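> Input structure: target-v9.cif, which contains mmCIF, C-alpha atoms.
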data_my_file
loop_
_atom_site.label_atom_id
_atom_site.label_comp_id
_atom_site.auth_asym_id
_atom_site.auth_seq_id
_atom_site.Cartn_x
_atom_site.Cartn_y
_atom_site.Cartn_z
CA MET A 1 88.99 37.06 -0.17
CA GLU A 2 86.85 34.71 1.79
CA THR A 3 83.77 35.32 -0.37
CA SER A 4 85.64 34.57 -3.57
CA LYS A 5 86.86 31.33 -2.05
CA SER A 6 83.38 30.25 -1.11
CA ASN A 7 82.20 31.13 -4.60
CA LYS A 8 84.80 28.88 -6.10
CA VAL A 9 83.69 26.01 -3.94
CA ARG A 10 80.12 26.67 -4.93
CA HIS A 11 80.97 26.39 -8.61
CA GLN A 12 82.73 23.10 -8.10
CA ASP A 13 79.62 21.90 -6.43
CA ALA A 14 77.48 23.05 -9.32
CA MET A 15 75.37 19.90 -9.45
CA CYS A 16 74.15 20.35 -5.90
CA THR A 17 70.59 21.64 -5.93
CA ASN A 18 70.37 22.65 -2.31
CA ASP A 19 72.86 25.44 -2.26
CA SER A 20 73.25 26.59 1.31
CA ALA A 21 74.38 30.12 0.56
CA LYS A 22 71.50 31.12 -1.67
CA PRO A 23 67.88 30.05 -1.59
CA GLU A 24 66.49 27.85 -4.33
CA ALA A 25 65.39 29.96 -7.28
CA SER A 26 61.65 30.52 -7.32
CA ILE A 27 59.59 30.46 -10.49
CA PHE A 28 59.32 34.25 -10.29
CA SER A 29 63.05 34.80 -10.39
CA TYR A 30 63.03 33.17 -13.81
CA PHE A 31 60.82 35.89 -15.23
CA ILE A 32 63.74 38.26 -15.46
CA TYR A 33 65.25 35.85 -18.02
CA MET A 34 61.98 35.79 -19.89
CA LEU A 35 62.00 39.57 -19.96
CA ILE A 36 65.54 39.63 -21.36
CA GLY A 37 64.34 37.09 -23.94
CA VAL A 38 61.43 39.35 -24.91
CA VAL A 39 63.76 42.26 -25.63
CA PHE A 40 66.04 39.91 -27.53
CA GLY A 41 63.14 38.54 -29.59
CA VAL A 42 61.95 42.05 -30.48
CA VAL A 43 65.46 42.94 -31.68
CA PHE A 44 65.59 39.73 -33.76
CA VAL A 45 62.44 40.70 -35.60
CA LYS A 46 63.04 44.43 -35.86
CA ALA A 47 66.53 44.02 -37.29
CA GLU A 48 65.20 41.30 -39.62
CA ILE A 49 67.71 38.78 -38.26
CA ILE A 50 65.00 36.12 -38.35
CA SER A 51 64.54 36.66 -42.07
CA TRP A 52 65.45 33.83 -44.44
CA PHE A 53 66.09 36.55 -47.03
CA ARG A 54 68.69 38.25 -44.82
CA ILE A 55 70.52 34.96 -44.36
CA GLN A 56 70.67 34.35 -48.13
CA GLU A 57 71.91 37.90 -48.58
CA MET A 58 74.59 37.43 -45.95
CA PHE A 59 75.97 34.18 -47.36
CA ARG A 60 75.90 35.61 -50.87
CA LEU A 61 77.98 38.55 -49.62
CA HIS A 62 75.47 41.01 -51.03
CA SER A 63 74.88 43.01 -47.87
CA PHE A 64 76.76 44.11 -44.79
CA HIS A 65 73.67 44.04 -42.56
CA MET A 66 74.11 40.66 -40.82
CA TYR A 67 77.88 41.06 -40.54
CA GLY A 68 77.24 44.43 -38.95
CA VAL A 69 74.83 42.91 -36.42
CA ILE A 70 77.06 39.98 -35.45
CA GLY A 71 80.26 42.05 -35.53
CA THR A 72 78.80 44.78 -33.32
CA ALA A 73 77.36 42.18 -30.93
CA VAL A 74 80.75 40.48 -30.55
CA LEU A 75 82.51 43.81 -30.03
CA VAL A 76 80.00 45.05 -27.43
CA ALA A 77 80.07 41.71 -25.60
CA MET A 78 83.89 41.64 -25.69
CA ILE A 79 84.18 45.13 -24.21
CA SER A 80 81.56 44.24 -21.57
CA ILE A 81 83.40 41.09 -20.51
CA PHE A 82 86.67 43.02 -20.43
CA ILE A 83 85.12 45.63 -18.13
CA ILE A 84 83.53 42.98 -15.89
CA LYS A 85 86.88 41.23 -15.50
CA LYS A 86 88.98 44.36 -15.21
CA PHE A 87 86.88 45.82 -12.40
CA SER A 88 85.87 42.42 -10.95
CA ILE A 89 82.20 43.35 -11.18
CA LYS A 90 80.08 40.93 -9.19
CA THR A 91 76.71 39.46 -10.12
CA LEU A 92 73.50 40.57 -8.41
CA GLN A 93 74.01 37.62 -6.01
CA ASN A 94 77.47 39.03 -5.28
CA GLU A 95 79.17 36.12 -7.02
CA THR A 96 82.30 36.35 -9.10
CA VAL A 97 81.50 36.22 -12.81
CA TYR A 98 82.69 32.91 -14.05
CA LEU A 99 83.33 31.93 -17.68
CA GLU A 100 83.83 28.39 -18.87
CA THR A 101 86.79 27.61 -21.07
CA LYS A 102 85.76 25.80 -24.22
CA THR A 103 87.96 22.97 -25.38
CA PHE A 104 88.61 22.08 -28.97
CA SER A 105 86.94 19.04 -30.47
CA LYS A 106 86.52 17.87 -34.05
CA GLY A 107 82.82 18.43 -33.45
CA GLN A 108 83.41 22.14 -33.96
CA LEU A 109 84.54 21.34 -37.50
CA TYR A 110 82.00 18.70 -38.54
CA GLY A 111 79.12 19.98 -36.46
CA GLY A 112 79.92 23.53 -37.48
CA LEU A 113 79.71 22.66 -41.16
CA ILE A 114 76.47 20.71 -40.71
CA PHE A 115 74.89 23.57 -38.77
CA GLY A 116 76.09 26.09 -41.38
CA ILE A 117 74.41 24.14 -44.17
CA GLY A 118 71.19 23.91 -42.16
CA TRP A 119 71.36 27.61 -41.26
CA ALA A 120 71.24 28.66 -44.92
CA ILE A 121 68.42 26.19 -45.70
CA THR A 122 66.15 27.13 -42.79
CA GLY A 123 67.25 30.76 -42.64
CA ALA A 124 67.56 30.38 -38.90
CA CYS A 125 69.93 29.51 -36.14
CA PRO A 126 68.28 28.22 -32.95
CA GLY A 127 67.46 31.66 -31.46
CA PRO A 128 65.55 32.97 -34.48
CA LEU A 129 63.60 29.69 -34.69
CA PHE A 130 61.75 30.69 -31.52
CA ALA A 131 61.22 34.26 -32.76
CA GLN A 132 59.93 33.00 -36.12
CA ILE A 133 57.36 30.81 -34.39
CA GLY A 134 56.32 33.72 -32.16
CA SER A 135 56.00 35.86 -35.29
CA GLY A 136 53.42 33.43 -36.60
CA PHE A 137 55.46 31.44 -39.12
CA LEU A 138 53.90 28.22 -37.93
CA PRO A 139 55.68 25.76 -40.29
CA VAL A 140 58.81 26.60 -38.31
CA ILE A 141 57.34 24.50 -35.47
CA ILE A 142 58.24 21.53 -37.68
CA THR A 143 61.76 22.93 -38.06
CA LEU A 144 62.07 23.28 -34.28
CA LEU A 145 60.78 19.76 -33.64
CA SER A 146 63.21 18.43 -36.21
CA ALA A 147 66.05 20.38 -34.57
CA ILE A 148 65.13 18.78 -31.24
CA GLY A 149 65.18 15.42 -33.05
CA GLY A 150 68.62 16.23 -34.46
CA THR A 151 69.89 17.11 -31.00
CA TRP A 152 68.47 13.86 -29.65
CA LEU A 153 70.10 11.80 -32.39
CA TYR A 154 73.41 13.48 -31.66
CA GLY A 155 73.08 12.39 -28.03
CA TYR A 156 72.22 8.89 -29.17
CA VAL A 157 75.19 8.41 -31.55
CA ARG A 158 77.63 10.68 -29.72
CA GLU A 159 80.04 7.98 -28.63
CA LYS A 160 80.45 6.71 -32.19
CA LEU A 161 81.24 10.14 -33.65
CA PRO A 162 84.76 11.58 -33.98
CA HIS A 163 85.42 14.29 -31.41
CA MET B 1 58.50 57.63 -32.15
CA ILE B 2 56.37 54.64 -33.11
CA GLN B 3 57.41 55.14 -36.74
CA LEU B 4 61.02 55.07 -35.68
CA ILE B 5 60.43 51.73 -33.97
CA GLN B 6 58.42 50.35 -36.88
CA GLN B 7 61.07 50.80 -39.53
CA PRO B 8 63.80 48.14 -39.71
CA TRP B 9 66.43 48.78 -37.05
CA HIS B 10 69.97 49.64 -37.99
CA TRP B 11 72.52 46.85 -37.58
CA ALA B 12 74.55 48.87 -35.08
CA ILE B 13 71.53 49.23 -32.76
CA ALA B 14 70.59 45.57 -33.07
CA GLY B 15 74.20 44.45 -32.61
CA THR B 16 74.64 46.61 -29.51
CA LEU B 17 71.46 45.29 -27.90
CA ILE B 18 72.37 41.68 -28.68
CA GLY B 19 75.91 42.23 -27.41
CA LEU B 20 74.57 43.70 -24.16
CA THR B 21 72.61 40.49 -23.55
CA VAL B 22 75.93 38.82 -22.67
CA PRO B 23 76.86 41.03 -19.68
CA THR B 24 73.19 41.27 -18.64
CA LEU B 25 72.88 37.49 -18.30
CA LEU B 26 76.27 37.28 -16.59
CA LEU B 27 75.44 39.96 -14.04
CA VAL B 28 71.84 38.94 -13.40
CA GLY B 29 72.73 35.38 -12.51
CA ASN B 30 76.11 34.25 -13.85
CA LYS B 31 74.38 32.77 -16.91
CA LYS B 32 76.20 32.05 -20.13
CA PHE B 33 74.52 33.30 -23.27
CA GLY B 34 73.62 30.32 -25.44
CA ILE B 35 70.47 29.15 -27.14
CA SER B 36 71.04 25.79 -28.83
CA SER B 37 71.51 24.19 -25.40
CA THR B 38 67.77 24.65 -24.82
CA LEU B 39 67.21 21.96 -27.45
CA ARG B 40 69.32 19.64 -25.32
CA HIS B 41 67.34 20.55 -22.20
CA ILE B 42 64.09 19.80 -24.02
CA CYS B 43 65.49 16.36 -24.93
CA ALA B 44 66.60 15.83 -21.33
CA ILE B 45 63.15 16.74 -20.03
CA CYS B 46 60.96 14.98 -22.59
CA ILE B 47 62.88 12.12 -24.18
CA PRO B 48 66.04 11.35 -22.16
CA GLY B 49 65.82 7.62 -22.87
CA ASN B 50 68.82 5.88 -21.45
CA ILE B 51 71.26 8.28 -23.04
CA SER B 52 73.98 9.59 -20.74
CA PHE B 53 74.17 12.85 -22.72
CA PHE B 54 70.67 13.69 -21.46
CA GLN B 55 71.19 12.59 -17.85
CA TYR B 56 71.97 15.79 -16.00
CA ASN B 57 70.23 18.19 -13.72
CA TRP B 58 68.28 20.16 -16.31
CA LYS B 59 66.36 21.94 -13.56
CA LYS B 60 69.41 24.13 -13.09
CA GLU B 61 69.00 25.27 -16.68
CA THR B 62 65.34 26.25 -16.41
CA TRP B 63 66.27 29.90 -16.88
CA ASN B 64 67.34 29.05 -20.43
CA LEU B 65 63.86 27.79 -21.30
CA PHE B 66 62.30 30.96 -19.89
CA PHE B 67 64.76 32.93 -22.00
CA VAL B 68 63.70 31.25 -25.28
CA ALA B 69 60.02 31.49 -24.32
CA GLY B 70 60.70 35.21 -23.99
CA ILE B 71 62.25 35.25 -27.48
CA ALA B 72 59.05 33.75 -28.91
CA ILE B 73 56.94 36.32 -27.02
CA GLY B 74 59.24 39.10 -28.24
CA GLY B 75 58.77 37.84 -31.80
CA PHE B 76 55.01 37.93 -31.31
CA ILE B 77 55.06 41.48 -29.92
CA ALA B 78 57.37 42.86 -32.61
CA THR B 79 55.44 41.26 -35.47
CA ASN B 80 51.97 42.16 -34.23
CA PHE B 81 52.49 45.59 -32.69
CA LEU B 82 55.75 47.06 -33.98
CA SER B 83 55.97 45.67 -37.46
CA ASN B 84 57.09 47.47 -40.56
CA PRO B 85 54.13 48.02 -42.90
CA SER B 86 56.25 47.93 -46.07
CA THR B 87 57.89 44.92 -47.71
CA ILE B 88 61.36 43.76 -46.72
CA VAL B 89 64.20 45.35 -48.67
CA ILE B 90 66.89 42.91 -49.71
CA ALA B 91 70.03 43.60 -51.75
CA ALA B 92 69.23 43.71 -55.48
CA PRO B 93 71.67 40.95 -56.55
CA THR B 94 70.12 38.57 -53.99
CA GLN B 95 66.65 39.46 -55.25
CA ASP B 96 67.72 38.82 -58.84
CA SER B 97 69.15 35.41 -58.17
CA LEU B 98 66.20 34.39 -55.97
CA LYS B 99 63.81 35.55 -58.69
CA ALA B 100 65.45 33.13 -61.10
CA LEU B 101 64.72 30.42 -58.51
CA GLY B 102 61.06 31.35 -58.22
CA ILE B 103 61.21 33.32 -54.95
CA THR B 104 59.48 36.61 -55.66
CA ASN B 105 57.26 37.38 -52.67
CA TYR B 106 58.77 39.85 -50.17
CA GLN B 107 55.61 40.53 -48.16
CA SER B 108 56.92 39.13 -44.92
CA LEU B 109 60.29 38.38 -43.34
CA MET B 110 60.11 34.78 -44.53
CA PRO B 111 59.37 33.82 -48.14
CA ILE B 112 55.80 32.52 -47.98
CA GLN B 113 56.56 30.59 -51.17
CA ILE B 114 58.59 28.27 -48.96
CA PHE B 115 57.41 28.81 -45.37
CA SER B 116 53.68 28.24 -45.73
CA MET B 117 51.46 25.63 -44.14
CA GLU B 118 50.60 24.12 -47.53
CA ASN B 119 54.22 23.09 -47.94
CA ILE B 120 54.40 21.04 -44.74
CA PHE B 121 53.62 17.71 -46.38
CA THR B 122 55.50 18.37 -49.60
CA LEU B 123 59.07 17.63 -50.65
CA LYS B 124 59.80 21.33 -50.18
CA GLY B 125 58.65 21.07 -46.58
CA LEU B 126 60.65 17.92 -46.02
CA ILE B 127 63.83 19.65 -47.18
CA PHE B 128 63.37 23.17 -45.79
CA PHE B 129 61.72 22.27 -42.46
CA VAL B 130 62.59 18.70 -41.57
CA LEU B 131 66.04 18.26 -43.11
CA GLY B 132 67.12 21.85 -42.48
CA GLY B 133 65.93 21.77 -38.88
CA PHE B 134 67.58 18.44 -38.30
CA MET B 135 70.93 19.80 -39.48
CA VAL B 136 70.56 22.84 -37.23
CA GLY B 137 69.84 20.66 -34.18
CA PHE B 138 72.43 17.97 -34.87
CA GLY B 139 75.10 20.39 -36.05
CA THR B 140 74.84 22.87 -33.19
CA ARG B 141 75.02 20.14 -30.57
CA TYR B 142 77.92 18.40 -32.30
CA ALA B 143 79.70 21.75 -32.50
CA GLY B 144 78.81 22.48 -28.87
CA GLY B 145 76.99 25.72 -29.60
CA CYS B 146 75.41 27.96 -32.20
CA THR B 147 75.71 31.55 -33.28
CA SER B 148 74.99 32.76 -29.75
CA GLY B 149 77.15 30.33 -27.76
CA HIS B 150 80.11 30.21 -30.13
CA ALA B 151 80.04 33.25 -32.42
CA ILE B 152 78.94 35.81 -29.83
CA MET B 153 79.67 34.39 -26.34
CA GLY B 154 82.72 32.37 -27.42
CA LEU B 155 84.39 34.96 -29.62
CA SER B 156 83.78 37.77 -27.16
CA SER B 157 85.41 35.76 -24.36
CA LEU B 158 88.34 35.01 -26.71
CA GLN B 159 87.92 31.24 -26.98
CA TRP B 160 89.72 29.96 -30.04
CA PRO B 161 87.59 26.78 -30.41
CA SER B 162 84.65 29.14 -30.92
CA LEU B 163 86.54 30.89 -33.72
CA ILE B 164 86.99 27.53 -35.46
CA ALA B 165 83.31 26.71 -34.98
CA THR B 166 82.24 30.13 -36.28
CA CYS B 167 84.43 29.75 -39.38
CA CYS B 168 82.85 26.35 -40.04
CA PHE B 169 79.34 27.79 -39.61
CA MET B 170 80.22 30.37 -42.26
CA ILE B 171 81.84 27.88 -44.66
CA GLY B 172 78.82 25.57 -44.39
CA GLY B 173 76.49 28.51 -44.92
CA PHE B 174 78.40 29.82 -47.95
CA LEU B 175 78.33 26.41 -49.63
CA SER B 176 74.70 25.88 -48.78
CA ALA B 177 73.35 29.30 -49.80
CA ASN B 178 75.37 29.56 -53.00
CA PHE B 179 75.23 26.00 -54.27
CA LEU B 180 72.87 23.73 -52.37
CA VAL B 181 69.82 25.99 -51.86
CA PRO B 182 69.79 27.14 -55.53
CA VAL B 183 69.98 23.52 -56.72
CA ILE B 184 67.15 22.47 -54.38
CA LEU B 185 64.94 25.39 -55.42
CA LYS B 186 65.69 24.75 -59.10
CA LEU B 187 64.77 21.09 -58.81
CA LEU B 188 61.55 21.86 -56.95
CA GLN B 189 60.45 24.58 -59.36
#
What do you get writing this file as structure tokens?

Amino acid sequence: METSKSNKVRHQDAMCTNDSAKPEASIFSYFIYMLIGVVFGVVFVKAEIISWFRIQEMFRLHSFHMYGVIGTAVLVAMISIFIIKKFSIKTLQNETVYLETKTFSKGQLYGGLIFGIGWAITGACPGPLFAQIGSGFLPVIITLLSAIGGTWLYGYVREKLPH
Amino acid sequence: MIQLIQQPWHWAIAGTLIGLTVPTLLLVGNKKFGISSTLRHICAICIPGNISFFQYNWKKETWNLFFVAGIAIGGFIATNFLSNPSTIVIAAPTQDSLKALGITNYQSLMPIQIFSMENIFTLKGLIFFVLGGFMVGFGTRYAGGCTSGHAIMGLSSLQWPSLIATCCFMIGGFLSANFLVPVILKLLQ
């Protein structure tokens, strides 16, 4: 009971860098995330998710492949989250797993449409961009830089956009 | 065994592994699966300007940058050591319609008729790399997430705003792949 309370407090204090209860993350502790990324990147390539062709095929409704990948991923993640919540499984740091609640904004409509259009043109959502570059499709570096530029412009004009 | 790894993986295997990334990140360090936010962190680190949207403690999100660096490394490993020697097999109707648009080369996962270095300074490059990339970056941030943050993380944690976002991703993609991309390719032919 007391641990869960202290965890809650810790989350509220999320901007604090000097967390008393756990030591500051060292550079080495980040390598586990890199390792998870490596597995993820291999899957992206091996299941051809990074392929522009697969994206065209998906949006033309000519193949089940991509729907199968995304559908299975959602299902597996959903069951996993259900199990974590049901049995109150703690993180490796013995924290309570905490999920943010997303709130609706018009950005999900407008931004969603804009991203969708870009997705079919580039054949990539942000994750595959990194895997495409790693795979040696070097022009995608331009795509990534432009995506960073797009993100920056969003930040710049954010207050003027409908949300 | 190596042959089994080399051939394209079944969607159920890929989907399961991608789905398992969500609980893995949650249990390893209470991290939320999401990739487009790394683009925001890169802005916050490199070009924050005076923009409040980029004024936050990005150091807390360093893990995310390691994660995407890993994705690039994974892409390198899979393409150089585990890659499928044969050409990519795409549904016949897609191949037919792309053929009419001048896309005929299936040697690699990306059509080299579009994604080649020679195209960088052409109109093709401007549209497929610069404009396309811009829409991905602007759109995902405006929507507050991409396929990972909304479609996978959001849907699996039953967040209805993510369902709306995912539907919009798909609508945009349908319009783009069926109408916009063919028109662009036709004009550039």
> Care to translate the PyMOL selection byres ((chain B and resi 156) around 6) into actual residues of this file, as a PDB file with C-alpha atoms, in the frame of the given file?

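File produced: part.pdb:
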ATOM      1  CA  VAL A  74      80.750  40.480 -30.550  1.00  0.00           C
ATOM      2  CA  ALA A  77      80.070  41.710 -25.600  1.00  0.00           C
ATOM      3  CA  MET A  78      83.890  41.640 -25.690  1.00  0.00           C
TER       4      MET A  78
ATOM      5  CA  ILE B 152      78.940  35.810 -29.830  1.00  0.00           C
ATOM      6  CA  MET B 153      79.670  34.390 -26.340  1.00  0.00           C
ATOM      7  CA  GLY B 154      82.720  32.370 -27.420  1.00  0.00           C
ATOM      8  CA  LEU B 155      84.390  34.960 -29.620  1.00  0.00           C
ATOM      9  CA  SER B 157      85.410  35.760 -24.360  1.00  0.00           C
ATOM     10  CA  LEU B 158      88.340  35.010 -26.710  1.00  0.00           C
TER      11      LEU B 158
END
> Using the chain letters and numbers from this file, what does the PyMOL selection byres ((chain A and resi 100-114) around 7) select? Give the answer as a list in words.
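What the PyMOL selection byres ((chain A and resi 100-114) around 7) grabs from the file is Tyr98, Leu99, Phe115, Gly116, Ile117, Gly118, Pro162 and His163 of chain A; Met135, Gly139, Thr140, Tyr142, Ala143, Gly144, Gln159, Pro161, Ile164, Ala165, Cys168, Phe169, Ile171 and Gly172 of chain B.
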> Pick the closest to chain A from B:Gln3, B:Ser176, B:Gln55, B:Gln189: which is it, counting all atoms listed in the file?
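For chain A, the nearest of the candidates is B:Ser176.
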> Measuring atom to atom with all atoms listed in the file, identify which of B:Ala92, B:Leu17, B:Ala72, B:Ile42 is nearest to chain A.
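Once distances to chain A are computed over all atoms listed in the file, the minimum belongs to B:Ala72.
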> Kindly resolve the PyMOL selection byres ((chain A and resi 54) around 10) on the present coordinates and return the residues as a PyMOL selection string.
(chain A and resi 47-53+55-60+62-66+120+123-124) or (chain B and resi 88-91+94+109-110)
> For stretch 138-146 of chain A, work out the shell of residues within 8 Å, counting all atoms listed in the file and skipping chain neighbours fewer than 3 positions away, then give it as a list in words.
Thr122, Leu129, Phe130, Gln132, Ile133, Gly149 and Gly150 of chain A; Phe115, Ser116, Met117, Ile120, Phe128, Phe129, Val130, Leu131, Gly132, Gly133, Phe134 and Gly137 of chain B
> Convert the current residue selection to file output with C-alpha atoms, as an mmCIF file, in the frame of the given file.

data_model
loop_
_atom_site.group_PDB
_atom_site.id
_atom_site.type_symbol
_atom_site.label_atom_id
_atom_site.label_comp_id
_atom_site.auth_asym_id
_atom_site.auth_seq_id
_atom_site.Cartn_x
_atom_site.Cartn_y
_atom_site.Cartn_z
ATOM 1 C CA THR A 122 66.150 27.130 -42.790
ATOM 2 C CA LEU A 129 63.600 29.690 -34.690
ATOM 3 C CA PHE A 130 61.750 30.690 -31.520
ATOM 4 C CA GLN A 132 59.930 33.000 -36.120
ATOM 5 C CA ILE A 133 57.360 30.810 -34.390
ATOM 6 C CA GLY A 149 65.180 15.420 -33.050
ATOM 7 C CA GLY A 150 68.620 16.230 -34.460
ATOM 8 C CA PHE B 115 57.410 28.810 -45.370
ATOM 9 C CA SER B 116 53.680 28.240 -45.730
ATOM 10 C CA MET B 117 51.460 25.630 -44.140
ATOM 11 C CA ILE B 120 54.400 21.040 -44.740
ATOM 12 C CA PHE B 128 63.370 23.170 -45.790
ATOM 13 C CA PHE B 129 61.720 22.270 -42.460
ATOM 14 C CA VAL B 130 62.590 18.700 -41.570
ATOM 15 C CA LEU B 131 66.040 18.260 -43.110
ATOM 16 C CA GLY B 132 67.120 21.850 -42.480
ATOM 17 C CA GLY B 133 65.930 21.770 -38.880
ATOM 18 C CA PHE B 134 67.580 18.440 -38.300
ATOM 19 C CA GLY B 137 69.840 20.660 -34.180
#
> Kindly indicate which residue among B:Phe174, B:Trp58, B:Phe33, B:Trp160 lies nearest to chain A, using all atoms listed in the file for the distances.
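Closest candidate: B:Phe174.
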> When distances are computed from only C-alpha atoms, which of B:Gln6, B:Lys60, B:Gly70, B:Asn84 shows the smallest separation from chain A?
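Of B:Gln6, B:Lys60, B:Gly70, B:Asn84, the one nearest chain A is B:Gly70, counting only C-alpha atoms.
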> Please report the interatomic distance between atom CA of B:Phe67 and atom CA of A:Ile36 in Å with one decimal.
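Spanning atom CA of B:Phe67 to atom CA of A:Ile36 is a straight-line distance of 6.8 Å.
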> For the atom pair atom CA of B:Ala44 and atom CA of A:Val157, what is the interatomic distance in Å to one decimal place?
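We find that atom CA of B:Ala44 and atom CA of A:Val157 lie 15.3 Å from each other.
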> How many Å lie between atom CA of A:Thr72 and atom CA of B:Leu82, rounded to one decimal?
23.2 Å
> For B:Cys146, which residue among A:Val97, A:Ile84, A:Cys125, A:Leu161 is the nearest when counting all atoms listed in the file?
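Result for the nearest residue to B:Cys146: A:Cys125.
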> I need the residue nearest A:Lys85 from this list: B:Gly15, B:Lys186, B:Phe81, B:Pro23. Use all atoms listed in the file for the distance.
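Looking only at the distances to A:Lys85, the closest residue turns out to be B:Pro23.
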